[in-house]
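This report refers to the structure that appears directly beneath it.
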Amino acid sequence: MSSPFRGFPPEALQFFRGLSRNNRREWFLPRKPLFEKKVKEPMRQLVDALNAALHDFAPEYETDPDKAIFRIYRDVRFSKDKKPYKEQIAATFHRHGSMSHGQGGYYVAISHKSVAVGGGVYMPEPPQLLAIRQHIAERHEEFRRILAAPPVRKLLGALEGEQLSRVPRGFPADHPAAGLLRYKYYILYKELSPRLATSPGLYKGIVDRFRVMAPFMKFLTASFVSKREKPALAMFA
């Protein structure tokens with residue numbers, strides 16, 4: 001069966017190569033129609049195709065393209081880097097009822113440097129992070145099995161995230177999951193060749209990684225998902 005998304009046009013990566021050398025308003029504005037047609041519209045098509053795939057194994061993450069796709073404009077108010085534009089186009093598929101990284105999500109980004117695919121719970125609020133750590137502490141063997149699954153190791157690699165220098169307060173220093181409890185956030189993330197972006201293989205490369213990530217996502221979000229949602233999630237376990 002052919003891919004429902006045939007890849008980005010070559011002009012998309014050419015646009016980002018040019019933007020990386022000329023990241024200023026005077027360069028972007030005359031090329032905004034090109035961005036809309038060759039970058040943003042294909043990204044909308046990719047998000048639609050990925051939503052159809054998510055419907056089969058993680059329907060709670062289907063996200064409207066208008067909400068999934070990040071704006072290209074950077075918020076430079078508190079940044080020393082005053083470049084006005086992001087040099088990639090990215091989308092996040094959030095759990096229904098949430099638009100927060102702390103609630104978990106799937107992620108994809110396209111640029112002239114890489115195709116990035118990932119997911120997890122990024123920068124959770126303290127109560128969510130505590131709930132995740134407690135869940136790991138109680139079921140760390142299950143979590144290790146999920147992370148050690150051959151498809152996860154092959155397609156995504158190892159768990160990523162900043163770590164504390166010691167086990168967080170409230171957990172014994174000699175806890176068997178001490179190494180896992182030190183993480184500040186929990187993500188799986190893989191960068192692939194930018195050549196994949198213009199290939200029909202892009203869709204499969206993303207979907208395969210989203211699919212093997214599903215048990216990881218369900219484990220993390222099970223720690224703080226509401227009781228009202230749990231019966232619905234059980235249908236897809």
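Just remember, in the structure tokens the first chain shown is A, the second B, etc., residues are 1-based per chain, and ligands are 1-based in the order shown.
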
What are the closest atom pairs, with distances in Å to one decimal, for each residue of region 179-230 of chain A lying within 6 Å of region 149-173 of chain A, using only C-alpha atoms, rows by chain and rising residue number, as CSV?
residue,atom,partner,partner_atom,distance
A:Arg182,CA,A:Leu164,CA,5.0
A:Tyr183,CA,A:Gln163,CA,4.2
A:Lys184,CA,A:Gln163,CA,5.5
A:Tyr185,CA,A:Gly161,CA,5.4
A:Tyr186,CA,A:Gly161,CA,5.7
A:Ile187,CA,A:Glu160,CA,5.3
A:Leu188,CA,A:Leu159,CA,5.4
A:Tyr189,CA,A:Leu156,CA,6.0
A:Lys190,CA,A:Leu156,CA,5.4
A:Val212,CA,A:Val152,CA,6.0

- Could you please determine the separation between CA of Phe57 (chain A) and CA of Arg211 (chain A) in Å, to one decimal place? 6.9 Å

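Of the residues in region 44-195 of chain A, those given strand (DSSP E) by DSSP on the backbone are Ile89, Ala90, Ala91, Thr92, Phe93, His94, Gly105, Tyr106, Tyr107, Val108, Ala109, Ile110, Val115, Ala116, Val117, Gly118, Gly119, Gly120, Val121, Tyr186, Ile187, Leu188, Tyr189, Lys190, Glu191 and Leu192 of chain A.
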
- Message: If we count only C-alpha atoms and set the cut-off at 10 Å, which residues sit around Val108 (chain A), ignoring sequence neighbours fewer than 5 positions away in its own chain? Please answer as number ranges by chain.
- Response: A: 47, 69, 89-93, 115-119, 189-191, 206, 210

Include N, CA and C atoms and write out the residues we just selected as a short mmCIF file (atom, residue, chain, number, x, y, z; two decimals), in the first residue's frame.
data_model
loop_
_atom_site.label_atom_id
_atom_site.label_comp_id
_atom_site.auth_asym_id
_atom_site.auth_seq_id
_atom_site.Cartn_x
_atom_site.Cartn_y
_atom_site.Cartn_z
N VAL A 47 0.39 15.96 9.10
CA VAL A 47 -0.32 15.84 10.38
C VAL A 47 -1.64 15.09 10.19
N ILE A 69 0.53 22.14 14.82
CA ILE A 69 1.71 22.72 14.16
C ILE A 69 2.15 23.99 14.88
N ILE A 89 10.05 23.19 10.97
CA ILE A 89 8.61 23.17 11.20
C ILE A 89 8.31 21.92 12.01
N ALA A 90 7.52 22.09 13.05
CA ALA A 90 7.31 21.00 14.00
C ALA A 90 5.84 20.91 14.38
N ALA A 91 5.47 19.74 14.89
CA ALA A 91 4.10 19.51 15.37
C ALA A 91 4.15 18.60 16.58
N THR A 92 3.23 18.85 17.50
CA THR A 92 3.07 18.00 18.68
C THR A 92 1.63 17.50 18.74
N PHE A 93 1.48 16.23 19.03
CA PHE A 93 0.18 15.60 19.17
C PHE A 93 -0.07 15.41 20.67
N VAL A 115 15.29 15.01 10.39
CA VAL A 115 13.91 14.69 10.71
C VAL A 115 13.93 14.18 12.14
N ALA A 116 13.29 14.90 13.04
CA ALA A 116 13.31 14.53 14.46
C ALA A 116 11.96 13.94 14.85
N VAL A 117 12.01 12.80 15.55
CA VAL A 117 10.80 12.12 15.98
C VAL A 117 10.96 11.78 17.46
N GLY A 118 9.93 12.06 18.24
CA GLY A 118 10.04 11.77 19.66
C GLY A 118 8.70 11.79 20.35
N GLY A 119 8.78 11.68 21.66
CA GLY A 119 7.57 11.71 22.46
C GLY A 119 7.89 11.46 23.91
N TYR A 189 13.63 10.09 21.81
CA TYR A 189 13.87 11.07 20.75
C TYR A 189 14.92 10.55 19.78
N LYS A 190 14.64 10.70 18.49
CA LYS A 190 15.57 10.21 17.47
C LYS A 190 15.67 11.21 16.33
N GLU A 191 16.89 11.52 15.92
CA GLU A 191 17.10 12.37 14.75
C GLU A 191 17.51 11.49 13.57
N ILE A 206 8.05 7.83 10.62
CA ILE A 206 7.46 8.47 11.79
C ILE A 206 6.47 7.54 12.48
N PHE A 210 6.26 6.24 16.33
CA PHE A 210 5.11 6.56 17.19
C PHE A 210 4.49 5.28 17.74
#

- Query: Could you name the residues that touch Pro176 (chain A) at 10 Å or less, counting only C-alpha atoms, but leaving out those on the same chain fewer than 6 positions away, as a ChimeraX atom specification?
  - Reply: /A:137,140-141

With the cut-off set at 10 Å and counting only C-alpha atoms, tabulate each residue of region 103-197 of chain A with an atom at most that distance from an atom of region 16-32 of chain A, showing the nearest atom pair and its distance in Å to one decimal, ordered by chain and increasing number, as CSV.
residue,atom,partner,partner_atom,distance
A:Ile110,CA,A:Phe16,CA,9.4
A:Ser111,CA,A:Phe16,CA,6.3
A:His112,CA,A:Phe16,CA,5.8
A:Lys113,CA,A:Arg17,CA,8.6

Would you mind exporting N, CA and C atoms of the selected residues as a PDB file, in the first residue's frame?
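Output (again_12.pdb):
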ATOM      1  N   ILE A 110      10.744  18.885  11.130  1.00  0.00           N
ATOM      2  CA  ILE A 110      11.383  18.766   9.819  1.00  0.00           C
ATOM      3  C   ILE A 110      12.265  19.988   9.595  1.00  0.00           C
ATOM      4  N   SER A 111      13.505  19.770   9.195  1.00  0.00           N
ATOM      5  CA  SER A 111      14.396  20.865   8.844  1.00  0.00           C
ATOM      6  C   SER A 111      15.397  20.376   7.811  1.00  0.00           C
ATOM      7  N   HIS A 112      16.268  21.278   7.400  1.00  0.00           N
ATOM      8  CA  HIS A 112      17.322  20.904   6.451  1.00  0.00           C
ATOM      9  C   HIS A 112      18.434  20.124   7.145  1.00  0.00           C
ATOM     10  N   LYS A 113      18.362  20.032   8.478  1.00  0.00           N
ATOM     11  CA  LYS A 113      19.393  19.326   9.232  1.00  0.00           C
ATOM     12  C   LYS A 113      18.978  17.925   9.648  1.00  0.00           C
TER      13      LYS A 113
END

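If only C-alpha atoms are the atoms counted, then among A:Met217, A:Ile72, A:Ala178, A:Leu34 the closest residue to Lys86 (chain A) is A:Ile72.
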
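Taking only C-alpha atoms into account, Glu41 (chain A) lies nearest to A:Ala12 out of the set A:Leu196, A:Tyr61, A:Lys218, A:Ala12.
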
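If you look at CA of Ala58 (chain A) and CA of Gly104 (chain A), they are 12.1 Å away from each other.
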
- Task: Extract, using only C-alpha atoms, all DNA, RNA and protein residues at most 9 Å from Ala49 (chain A), discarding same-chain residues fewer than 3 positions from it, and format them as a VMD selection string.
- Result: chain A and resid 4 to 5 44 to 46 52 to 54 203

Could you write out that same residue set with C-alpha atoms as a PDB file, in the first residue's frame?
ATOM      1  CA  PRO A   4      -0.682   8.559   2.354  1.00  0.00           C
ATOM      2  CA  PHE A   5       2.014  11.262   2.455  1.00  0.00           C
ATOM      3  CA  ARG A  44      -0.731  19.993   7.450  1.00  0.00           C
ATOM      4  CA  GLN A  45      -1.067  17.030   5.098  1.00  0.00           C
ATOM      5  CA  LEU A  46       1.498  15.082   7.115  1.00  0.00           C
ATOM      6  CA  ALA A  52      -5.190   8.698  10.785  1.00  0.00           C
ATOM      7  CA  ALA A  53      -2.377   6.411  11.941  1.00  0.00           C
ATOM      8  CA  LEU A  54      -2.695   7.460  15.587  1.00  0.00           C
ATOM      9  CA  TYR A 203       5.411   8.737   6.840  1.00  0.00           C
TER      10      TYR A 203
END

- Quick one: pull the distance between CA of Ser114 (chain A) and CA of Glu36 (chain A), Å, one decimal. 20.1 Å

When DSSP works through the backbone of this structure, what residues of region 65-102 of chain A end up as alpha helix (DSSP H), shown as a PDB file with C-alpha atoms, in the first residue's frame?
ATOM      1  CA  PRO A  65      -3.400  20.515  12.486  1.00  0.00           C
ATOM      2  CA  ASP A  66      -4.091  24.128  13.504  1.00  0.00           C
ATOM      3  CA  LYS A  67      -3.342  23.165  17.113  1.00  0.00           C
ATOM      4  CA  ALA A  68      -0.596  20.648  16.391  1.00  0.00           C
TER       5      ALA A  68
END
